[in-house]
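Note sheet for the following structure.
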Amino acid sequence: MPLSFKPITLESRSEILEFLQNDHFSIADISFGNLYIWKHAREISYTTYTGTLLIQTRYAGRDPYFFFPIGANMKEKLEALSALESHARENGYALRFERIEAHNLPLLKQVFPTISIEPTPDHFDYVYSVEELLHLSGRKFHKKKNHLNNFLQRYEWELEPITQANAKELVKVARIWLDSNPAKSDDLELEYLGICAALESFELLGLQGVLVRAREKITLGSDNIDPALLDSSALPIIAFSFGEAINEQMAVIHIEKAAPNIIGAYQIINQQLLARCFASLRYANREEDLGIPGLRQAKRGYNPVFMVEKFRAVL
């Protein structure tokens, strides 16, 4: 039976979740939120085959790659791997898999003994203890805790859940931050499109998130206070973040954005998202660093408890 792939849409969610919930995975890449957010950056499509879910990704002008078959039955995964080999051969390109978790490698080698496999460290996911990030205790979190305390002392702030009611305001704020970013790039533009799509259908996607509003505390008696500030009750958005639970132990944090000029903004949104949405879970997967030095430094600074290793395989 030839494989026929169809695009990821909002209506795909229930069908895809049924497969994801019947398999064990820790990578952020195949969570539905991730697939939906990044479908604007590349062609992401899927099909089902003998009880498995097959996901295909294709960048413009390049041959596609696949994720490891998703499902509950080992025999059906073996059949799906063989079907993917036939599909690639019939379409004239090498069979390539990306983001394979280590526990799937033995089955892959069983089907394709000569397949070439290599780790892809730039795509390893950073996984953190929710408990540790909530409290930031100990010397290893000393710098982060200082930033958080600085924010709490300096700013008055409010927390809101992300809803359809504040989604349009968030879109505007995200646009302003993107346009003012000196490192603005095509990838960040595509991420922005994904953020807009996620916010537009936030509740239907099953996402959970919060935003923080804040401004500097006003010291009464100062000669330099603008009287309008004393009367204003509206606080501007200075950070927002959202993610989703992928199993009973782990959440994936898809997006975290904050005003770059406010010390502690990232620390407060990081903490409050976990406290309000994922406090009952053990782990937070904060995705990969893509080999970007600044991003790698930031993710390592939060002291991951382990990395989810991923591999590339080409037949």
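Chain identifiers are assigned as A, B, and so on, following the order in which chains appear in the structure tokens; residues are numbered from 1 within each chain, and ligands are numbered from 1 in order of appearance.
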task: Identify, with DSSP run on backbone atoms, the residues in segment 24-201 of chain A assigned to alpha helix (DSSP H), and express the list as an MDAnalysis selection string.
output: chainID A and resid 32:37 74:91 105:111 130:135 142:154 164:179 186:200
Find the residues around Gln21 of chain A up to 10 Å (only C-alpha atoms counted), leave out those fewer than 6 positions away in its own chain, and share them as an mmCIF file with all heavy atoms, in the first residue's frame.
data_model
loop_
_atom_site.group_PDB
_atom_site.id
_atom_site.type_symbol
_atom_site.label_atom_id
_atom_site.label_comp_id
_atom_site.auth_asym_id
_atom_site.auth_seq_id
_atom_site.Cartn_x
_atom_site.Cartn_y
_atom_site.Cartn_z
ATOM 1 N N ILE A 70 5.555 5.964 15.251
ATOM 2 C CA ILE A 70 4.957 6.171 16.569
ATOM 3 C C ILE A 70 3.754 5.240 16.716
ATOM 4 O O ILE A 70 2.855 5.228 15.880
ATOM 5 C CB ILE A 70 4.511 7.633 16.733
ATOM 6 C CG1 ILE A 70 5.722 8.565 16.566
ATOM 7 C CG2 ILE A 70 3.846 7.854 18.081
ATOM 8 C CD1 ILE A 70 5.340 9.998 16.262
ATOM 9 N N GLY A 71 3.752 4.462 17.783
ATOM 10 C CA GLY A 71 2.662 3.532 18.030
ATOM 11 C C GLY A 71 2.979 2.631 19.201
ATOM 12 O O GLY A 71 4.043 2.727 19.807
ATOM 13 N N ALA A 72 2.056 1.734 19.506
ATOM 14 C CA ALA A 72 2.214 0.895 20.694
ATOM 15 C C ALA A 72 2.751 -0.493 20.376
ATOM 16 O O ALA A 72 3.241 -1.191 21.260
ATOM 17 C CB ALA A 72 0.869 0.770 21.412
ATOM 18 N N ILE A 246 3.198 16.421 27.969
ATOM 19 C CA ILE A 246 3.245 15.352 26.965
ATOM 20 C C ILE A 246 3.037 13.979 27.588
ATOM 21 O O ILE A 246 2.819 13.011 26.868
ATOM 22 C CB ILE A 246 4.552 15.381 26.150
ATOM 23 C CG1 ILE A 246 5.772 15.196 27.057
ATOM 24 C CG2 ILE A 246 4.649 16.666 25.339
ATOM 25 C CD1 ILE A 246 7.073 14.983 26.286
ATOM 26 N N ASN A 247 3.140 13.893 28.904
ATOM 27 C CA ASN A 247 2.806 12.666 29.621
ATOM 28 C C ASN A 247 2.606 13.021 31.094
ATOM 29 O O ASN A 247 2.551 14.205 31.447
ATOM 30 C CB ASN A 247 3.879 11.577 29.427
ATOM 31 C CG ASN A 247 5.274 12.044 29.821
ATOM 32 O OD1 ASN A 247 5.471 12.598 30.900
ATOM 33 N ND2 ASN A 247 6.251 11.830 28.948
#
Can you write out as JSON lines which residues of segment 102-209 of chain A fall within 12 Å of segment 290-303 of chain A, alongside each residue's closest atom pair and its distance in Å to one decimal, counting only C-alpha atoms and ordering rows by chain and ascending residue number?
{"residue": "A:Thr120", "atom": "CA", "partner": "A:Leu290", "partner_atom": "CA", "distance": 9.6}
{"residue": "A:Pro121", "atom": "CA", "partner": "A:Gly291", "partner_atom": "CA", "distance": 7.9}
{"residue": "A:Asp122", "atom": "CA", "partner": "A:Leu290", "partner_atom": "CA", "distance": 4.6}
{"residue": "A:His123", "atom": "CA", "partner": "A:Leu290", "partner_atom": "CA", "distance": 5.7}
{"residue": "A:Phe124", "atom": "CA", "partner": "A:Leu290", "partner_atom": "CA", "distance": 8.4}
{"residue": "A:Asp125", "atom": "CA", "partner": "A:Leu290", "partner_atom": "CA", "distance": 9.7}
{"residue": "A:Tyr126", "atom": "CA", "partner": "A:Lys299", "partner_atom": "CA", "distance": 7.1}
{"residue": "A:Val127", "atom": "CA", "partner": "A:Asn303", "partner_atom": "CA", "distance": 8.9}
{"residue": "A:Tyr128", "atom": "CA", "partner": "A:Asn303", "partner_atom": "CA", "distance": 7.0}
{"residue": "A:Ser129", "atom": "CA", "partner": "A:Asn303", "partner_atom": "CA", "distance": 8.9}
{"residue": "A:Val130", "atom": "CA", "partner": "A:Tyr302", "partner_atom": "CA", "distance": 11.0}
{"residue": "A:Glu132", "atom": "CA", "partner": "A:Asn303", "partner_atom": "CA", "distance": 9.1}
{"residue": "A:Leu133", "atom": "CA", "partner": "A:Tyr302", "partner_atom": "CA", "distance": 7.7}
{"residue": "A:Leu134", "atom": "CA", "partner": "A:Tyr302", "partner_atom": "CA", "distance": 11.3}
{"residue": "A:His135", "atom": "CA", "partner": "A:Tyr302", "partner_atom": "CA", "distance": 11.9}
{"residue": "A:Leu136", "atom": "CA", "partner": "A:Tyr302", "partner_atom": "CA", "distance": 9.0}
{"residue": "A:Ser137", "atom": "CA", "partner": "A:Tyr302", "partner_atom": "CA", "distance": 11.5}
{"residue": "A:Gly138", "atom": "CA", "partner": "A:Asn303", "partner_atom": "CA", "distance": 11.5}
{"residue": "A:Arg139", "atom": "CA", "partner": "A:Asn303", "partner_atom": "CA", "distance": 11.1}
{"residue": "A:Lys140", "atom": "CA", "partner": "A:Asn303", "partner_atom": "CA", "distance": 7.4}
{"residue": "A:Phe141", "atom": "CA", "partner": "A:Tyr302", "partner_atom": "CA", "distance": 7.1}
{"residue": "A:His142", "atom": "CA", "partner": "A:Tyr302", "partner_atom": "CA", "distance": 10.4}
{"residue": "A:Lys143", "atom": "CA", "partner": "A:Gly301", "partner_atom": "CA", "distance": 8.9}
{"residue": "A:Lys144", "atom": "CA", "partner": "A:Tyr302", "partner_atom": "CA", "distance": 7.9}
{"residue": "A:Lys145", "atom": "CA", "partner": "A:Tyr302", "partner_atom": "CA", "distance": 10.7}
{"residue": "A:Ala183", "atom": "CA", "partner": "A:Gly294", "partner_atom": "CA", "distance": 11.5}
{"residue": "A:Asp187", "atom": "CA", "partner": "A:Leu290", "partner_atom": "CA", "distance": 11.5}
Go ahead and save the residues from that selection, with N, CA and C atoms, as a compact mmCIF listing (two decimals), in the first residue's frame.
# COMPACT_ATOMS: atom_id res chain seq x y z
N THR A 120 23.27 13.82 17.19
CA THR A 120 23.13 15.21 16.75
C THR A 120 23.01 16.10 17.99
N PRO A 121 24.15 16.43 18.63
CA PRO A 121 24.14 17.15 19.92
C PRO A 121 23.42 18.50 19.88
N ASP A 122 23.43 19.18 18.73
CA ASP A 122 22.75 20.47 18.65
C ASP A 122 21.24 20.34 18.85
N HIS A 123 20.73 19.12 18.72
CA HIS A 123 19.29 18.89 18.84
C HIS A 123 18.92 18.14 20.13
N PHE A 124 19.90 17.88 21.01
CA PHE A 124 19.56 17.25 22.28
C PHE A 124 18.63 18.16 23.08
N ASP A 125 17.60 17.60 23.69
CA ASP A 125 16.67 18.38 24.51
C ASP A 125 17.20 18.52 25.94
N TYR A 126 17.03 19.70 26.50
CA TYR A 126 17.40 19.98 27.88
C TYR A 126 16.20 19.70 28.79
N VAL A 127 16.38 18.82 29.76
CA VAL A 127 15.29 18.48 30.68
C VAL A 127 15.69 18.87 32.10
N TYR A 128 14.77 19.57 32.77
CA TYR A 128 15.03 20.13 34.10
C TYR A 128 14.05 19.58 35.12
N SER A 129 14.47 19.66 36.38
CA SER A 129 13.58 19.32 37.49
C SER A 129 12.63 20.49 37.73
N VAL A 130 11.33 20.23 37.66
CA VAL A 130 10.35 21.29 37.94
C VAL A 130 10.55 21.81 39.36
N GLU A 132 13.25 21.98 41.16
CA GLU A 132 14.43 22.85 41.26
C GLU A 132 14.16 24.22 40.65
N LEU A 133 13.49 24.26 39.51
CA LEU A 133 13.24 25.55 38.87
C LEU A 133 12.20 26.38 39.62
N LEU A 134 11.35 25.73 40.38
CA LEU A 134 10.38 26.47 41.18
C LEU A 134 11.05 27.21 42.34
N HIS A 135 12.07 26.57 42.93
CA HIS A 135 12.66 27.13 44.15
C HIS A 135 14.04 27.77 43.95
N LEU A 136 14.76 27.37 42.89
CA LEU A 136 16.08 27.93 42.61
C LEU A 136 16.98 27.93 43.85
N SER A 137 17.00 26.82 44.55
CA SER A 137 17.77 26.72 45.79
C SER A 137 19.20 26.25 45.51
N GLY A 138 20.11 26.67 46.38
CA GLY A 138 21.48 26.18 46.30
C GLY A 138 22.39 27.05 45.45
N ARG A 139 23.68 26.75 45.55
CA ARG A 139 24.70 27.56 44.87
C ARG A 139 24.57 27.53 43.35
N LYS A 140 24.15 26.38 42.81
CA LYS A 140 24.11 26.28 41.35
C LYS A 140 23.06 27.19 40.72
N PHE A 141 22.10 27.66 41.54
CA PHE A 141 21.09 28.59 41.02
C PHE A 141 21.26 30.00 41.60
N HIS A 142 22.42 30.26 42.20
CA HIS A 142 22.63 31.53 42.91
C HIS A 142 22.38 32.74 42.00
N LYS A 143 22.93 32.72 40.79
CA LYS A 143 22.80 33.86 39.87
C LYS A 143 21.35 34.04 39.44
N LYS A 144 20.67 32.94 39.14
CA LYS A 144 19.26 33.02 38.71
C LYS A 144 18.39 33.56 39.84
N LYS A 145 18.66 33.09 41.07
CA LYS A 145 17.87 33.55 42.21
C LYS A 145 18.08 35.04 42.47
N ALA A 183 19.31 40.82 16.59
CA ALA A 183 19.65 39.54 15.96
C ALA A 183 18.46 38.97 15.17
N ASP A 187 14.54 32.79 10.86
CA ASP A 187 14.06 31.77 11.80
C ASP A 187 13.19 32.39 12.89
- prompt: Within 12 Å of Leu152 of chain A, counting only C-alpha atoms, which residues qualify if same-chain residues fewer than 6 places away don't, as an NGL selection string?
  reply: :A and (145-146 or 158 or 214-217 or 262-265 or 267-269)
message: Please identify the strand (DSSP E or B) residues within segment 188-290 of chain A (assignment by DSSP from backbone atoms) and present them as a ChimeraX atom specification.
response: /A:208-216,237-245,250-258,283-285
Per residue of segment 272-310 of chain A within 12 Å of segment 29-38 of chain A, note the shortest atom pair and the distance in Å to one decimal, counting only C-alpha atoms, and order the rows by chain and increasing residue number, as CSV.
residue,atom,partner,partner_atom,distance
A:Asn285,CA,A:Asp29,CA,10.7
A:Arg286,CA,A:Asp29,CA,11.1
A:Glu287,CA,A:Asp29,CA,8.1
A:Glu288,CA,A:Asp29,CA,9.5
A:Val308,CA,A:Asp29,CA,11.2
A:Lys310,CA,A:Asp29,CA,10.4
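In terms of minimum interatomic distance to Leu159 of chain A, A:Phe240 ranks closest within A:Tyr283, A:Tyr59, A:Phe306, A:Phe240, counting only C-alpha atoms.
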Nearby residues (only C-alpha atoms) at most 12 Å from Ala198 of chain A, same-chain spacing under 3 positions excluded, as a ChimeraX atom specification: /A:9-10,32-40,162-164,167-168,170-171,191-195,201-209,241-244,254-255
Let me see the file: selected residues, C-alpha atoms, as a short mmCIF file (atom, residue, chain, number, x, y, z; two decimals), in the first residue's frame.
data_model
loop_
_atom_site.label_atom_id
_atom_site.label_comp_id
_atom_site.auth_asym_id
_atom_site.auth_seq_id
_atom_site.Cartn_x
_atom_site.Cartn_y
_atom_site.Cartn_z
CA THR A 9 -3.79 20.98 10.63
CA LEU A 10 -5.67 21.87 13.79
CA PHE A 32 1.51 18.26 18.69
CA GLY A 33 2.17 21.83 19.80
CA ASN A 34 5.66 21.69 18.33
CA LEU A 35 4.44 20.23 15.05
CA TYR A 36 1.75 22.90 14.76
CA ILE A 37 3.98 25.86 15.65
CA TRP A 38 6.72 24.92 13.20
CA LYS A 39 4.54 23.88 10.26
CA HIS A 40 5.00 27.45 9.03
CA ILE A 162 -3.01 33.22 28.48
CA THR A 163 -6.51 33.23 26.96
CA GLN A 164 -8.18 34.29 23.74
CA ALA A 167 -3.93 36.77 22.74
CA LYS A 168 -4.13 39.77 20.37
CA LEU A 170 0.48 39.24 23.08
CA VAL A 171 0.79 39.11 19.30
CA GLU A 191 8.86 31.43 15.06
CA TYR A 192 6.72 34.57 15.34
CA LEU A 193 4.28 33.15 12.77
CA GLY A 194 4.11 29.97 14.84
CA ILE A 195 3.42 31.98 18.00
CA SER A 201 -6.12 28.55 18.58
CA PHE A 202 -4.61 28.37 22.06
CA GLU A 203 -7.35 26.49 23.88
CA LEU A 204 -8.10 24.14 20.98
CA LEU A 205 -4.41 23.17 20.93
CA GLY A 206 -4.53 22.23 24.60
CA LEU A 207 -1.73 24.65 25.46
CA GLN A 208 -1.20 26.22 28.87
CA GLY A 209 0.58 29.50 29.48
CA SER A 241 5.48 31.60 28.03
CA PHE A 242 3.46 28.52 27.13
CA GLY A 243 3.77 24.78 26.71
CA GLU A 244 1.95 21.48 27.08
CA HIS A 254 7.45 25.66 23.53
CA ILE A 255 7.84 29.43 23.83
#
field: Selection: 6 Å around Ala258 of chain A, only C-alpha atoms, excl. self and same-chain fewer than 5 positions, as number ranges by chain
entry: A: 238-239, 265-266
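Residues with any atom within 8 Å of Gly51 of chain A, counting only C-alpha atoms and excluding same-chain neighbours fewer than 2 positions away, are A:Thr48, A:Tyr49, A:Leu53, A:Gly71, A:Asn73, A:Glu76.
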For all heavy atoms, I'd like the residues from the last selection saved as a PDB file, in the first residue's frame.
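Output contents, as saved in part.pdb:
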ATOM      1  N   THR A  48      -0.948   7.435   8.487  1.00  0.00           N
ATOM      2  CA  THR A  48      -0.975   6.274   9.374  1.00  0.00           C
ATOM      3  C   THR A  48      -0.744   5.017   8.546  1.00  0.00           C
ATOM      4  O   THR A  48      -1.135   4.944   7.373  1.00  0.00           O
ATOM      5  CB  THR A  48      -2.312   6.173  10.121  1.00  0.00           C
ATOM      6  OG1 THR A  48      -3.386   6.089   9.171  1.00  0.00           O
ATOM      7  CG2 THR A  48      -2.519   7.405  10.996  1.00  0.00           C
ATOM      8  N   TYR A  49      -0.095   4.035   9.174  1.00  0.00           N
ATOM      9  CA  TYR A  49       0.211   2.783   8.461  1.00  0.00           C
ATOM     10  C   TYR A  49       0.249   1.653   9.476  1.00  0.00           C
ATOM     11  O   TYR A  49       1.039   1.678  10.421  1.00  0.00           O
ATOM     12  CB  TYR A  49       1.550   2.897   7.732  1.00  0.00           C
ATOM     13  CG  TYR A  49       1.897   1.680   6.899  1.00  0.00           C
ATOM     14  CD1 TYR A  49       1.405   1.552   5.602  1.00  0.00           C
ATOM     15  CD2 TYR A  49       2.700   0.659   7.419  1.00  0.00           C
ATOM     16  CE1 TYR A  49       1.707   0.430   4.841  1.00  0.00           C
ATOM     17  CE2 TYR A  49       3.006  -0.453   6.659  1.00  0.00           C
ATOM     18  CZ  TYR A  49       2.503  -0.569   5.372  1.00  0.00           C
ATOM     19  OH  TYR A  49       2.800  -1.688   4.614  1.00  0.00           O
ATOM     20  N   LEU A  53       1.836   5.913  13.458  1.00  0.00           N
ATOM     21  CA  LEU A  53       1.811   7.273  12.927  1.00  0.00           C
ATOM     22  C   LEU A  53       3.170   7.556  12.309  1.00  0.00           C
ATOM     23  O   LEU A  53       4.212   7.359  12.947  1.00  0.00           O
ATOM     24  CB  LEU A  53       1.535   8.265  14.051  1.00  0.00           C
ATOM     25  CG  LEU A  53       1.660   9.756  13.713  1.00  0.00           C
ATOM     26  CD1 LEU A  53       0.528  10.197  12.784  1.00  0.00           C
ATOM     27  CD2 LEU A  53       1.654  10.589  14.994  1.00  0.00           C
ATOM     28  N   GLY A  71       3.752   4.462  17.783  1.00  0.00           N
ATOM     29  CA  GLY A  71       2.662   3.532  18.030  1.00  0.00           C
ATOM     30  C   GLY A  71       2.979   2.631  19.201  1.00  0.00           C
ATOM     31  O   GLY A  71       4.043   2.727  19.807  1.00  0.00           O
ATOM     32  N   ASN A  73       2.708  -0.909  19.108  1.00  0.00           N
ATOM     33  CA  ASN A  73       3.007  -2.291  18.747  1.00  0.00           C
ATOM     34  C   ASN A  73       4.333  -2.392  18.009  1.00  0.00           C
ATOM     35  O   ASN A  73       4.557  -1.734  16.995  1.00  0.00           O
ATOM     36  CB  ASN A  73       1.868  -2.843  17.881  1.00  0.00           C
ATOM     37  CG  ASN A  73       2.024  -4.309  17.588  1.00  0.00           C
ATOM     38  OD1 ASN A  73       2.847  -4.709  16.771  1.00  0.00           O
ATOM     39  ND2 ASN A  73       1.210  -5.122  18.262  1.00  0.00           N
ATOM     40  N   GLU A  76       4.141  -3.731  14.340  1.00  0.00           N
ATOM     41  CA  GLU A  76       3.631  -2.726  13.410  1.00  0.00           C
ATOM     42  C   GLU A  76       4.699  -1.683  13.081  1.00  0.00           C
ATOM     43  O   GLU A  76       4.747  -1.167  11.958  1.00  0.00           O
ATOM     44  CB  GLU A  76       2.391  -2.070  14.005  1.00  0.00           C
ATOM     45  CG  GLU A  76       1.199  -3.022  14.082  1.00  0.00           C
ATOM     46  CD  GLU A  76       0.004  -2.439  14.819  1.00  0.00           C
ATOM     47  OE1 GLU A  76       0.182  -1.447  15.542  1.00  0.00           O
ATOM     48  OE2 GLU A  76      -1.102  -2.987  14.661  1.00  0.00           O
TER      49      GLU A  76
END
- prompt: Do you know which residues are at most 8 Å from Leu81 of chain A counting only C-alpha atoms, after dropping those on the same chain fewer than 5 positions away, and could you put them as a list of chain:residue names?
  reply: A:Pro69, A:Leu108, A:Val111
Atoms kept (C-alpha atoms) for selection, written as a short mmCIF file (atom, residue, chain, number, x, y, z; two decimals), in the first residue's frame:
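And here is the file that came out, selection_32.cif:
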data_model
loop_
_atom_site.label_atom_id
_atom_site.label_comp_id
_atom_site.auth_asym_id
_atom_site.auth_seq_id
_atom_site.Cartn_x
_atom_site.Cartn_y
_atom_site.Cartn_z
CA PRO A 69 7.27 5.39 13.65
CA LEU A 108 16.16 0.47 13.57
CA VAL A 111 15.49 -3.70 10.20
#
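Among the candidate residues A:Tyr93, A:Glu131, A:Arg62, A:Glu118, the one lying nearest to Pro304 of chain A is A:Glu131, with distances computed using only C-alpha atoms.
Compared by their closest atoms to Ala102 of chain A, and using only C-alpha atoms, the residues A:Tyr65, A:Asp289, A:Ile27, A:Arg282 rank with A:Ile27 nearest.
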message: Under the rule that only C-alpha atoms are counted, which of A:Ile176, A:Ile55, A:Ala284, A:Phe68 is the nearest residue to His103 of chain A?
response: A:Phe68
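Among A:Ser86, A:Asn104, A:Ala41, A:Ser12, the residue with the shortest atom-to-atom distance to Phe67 of chain A, counting only C-alpha atoms, is A:Asn104.
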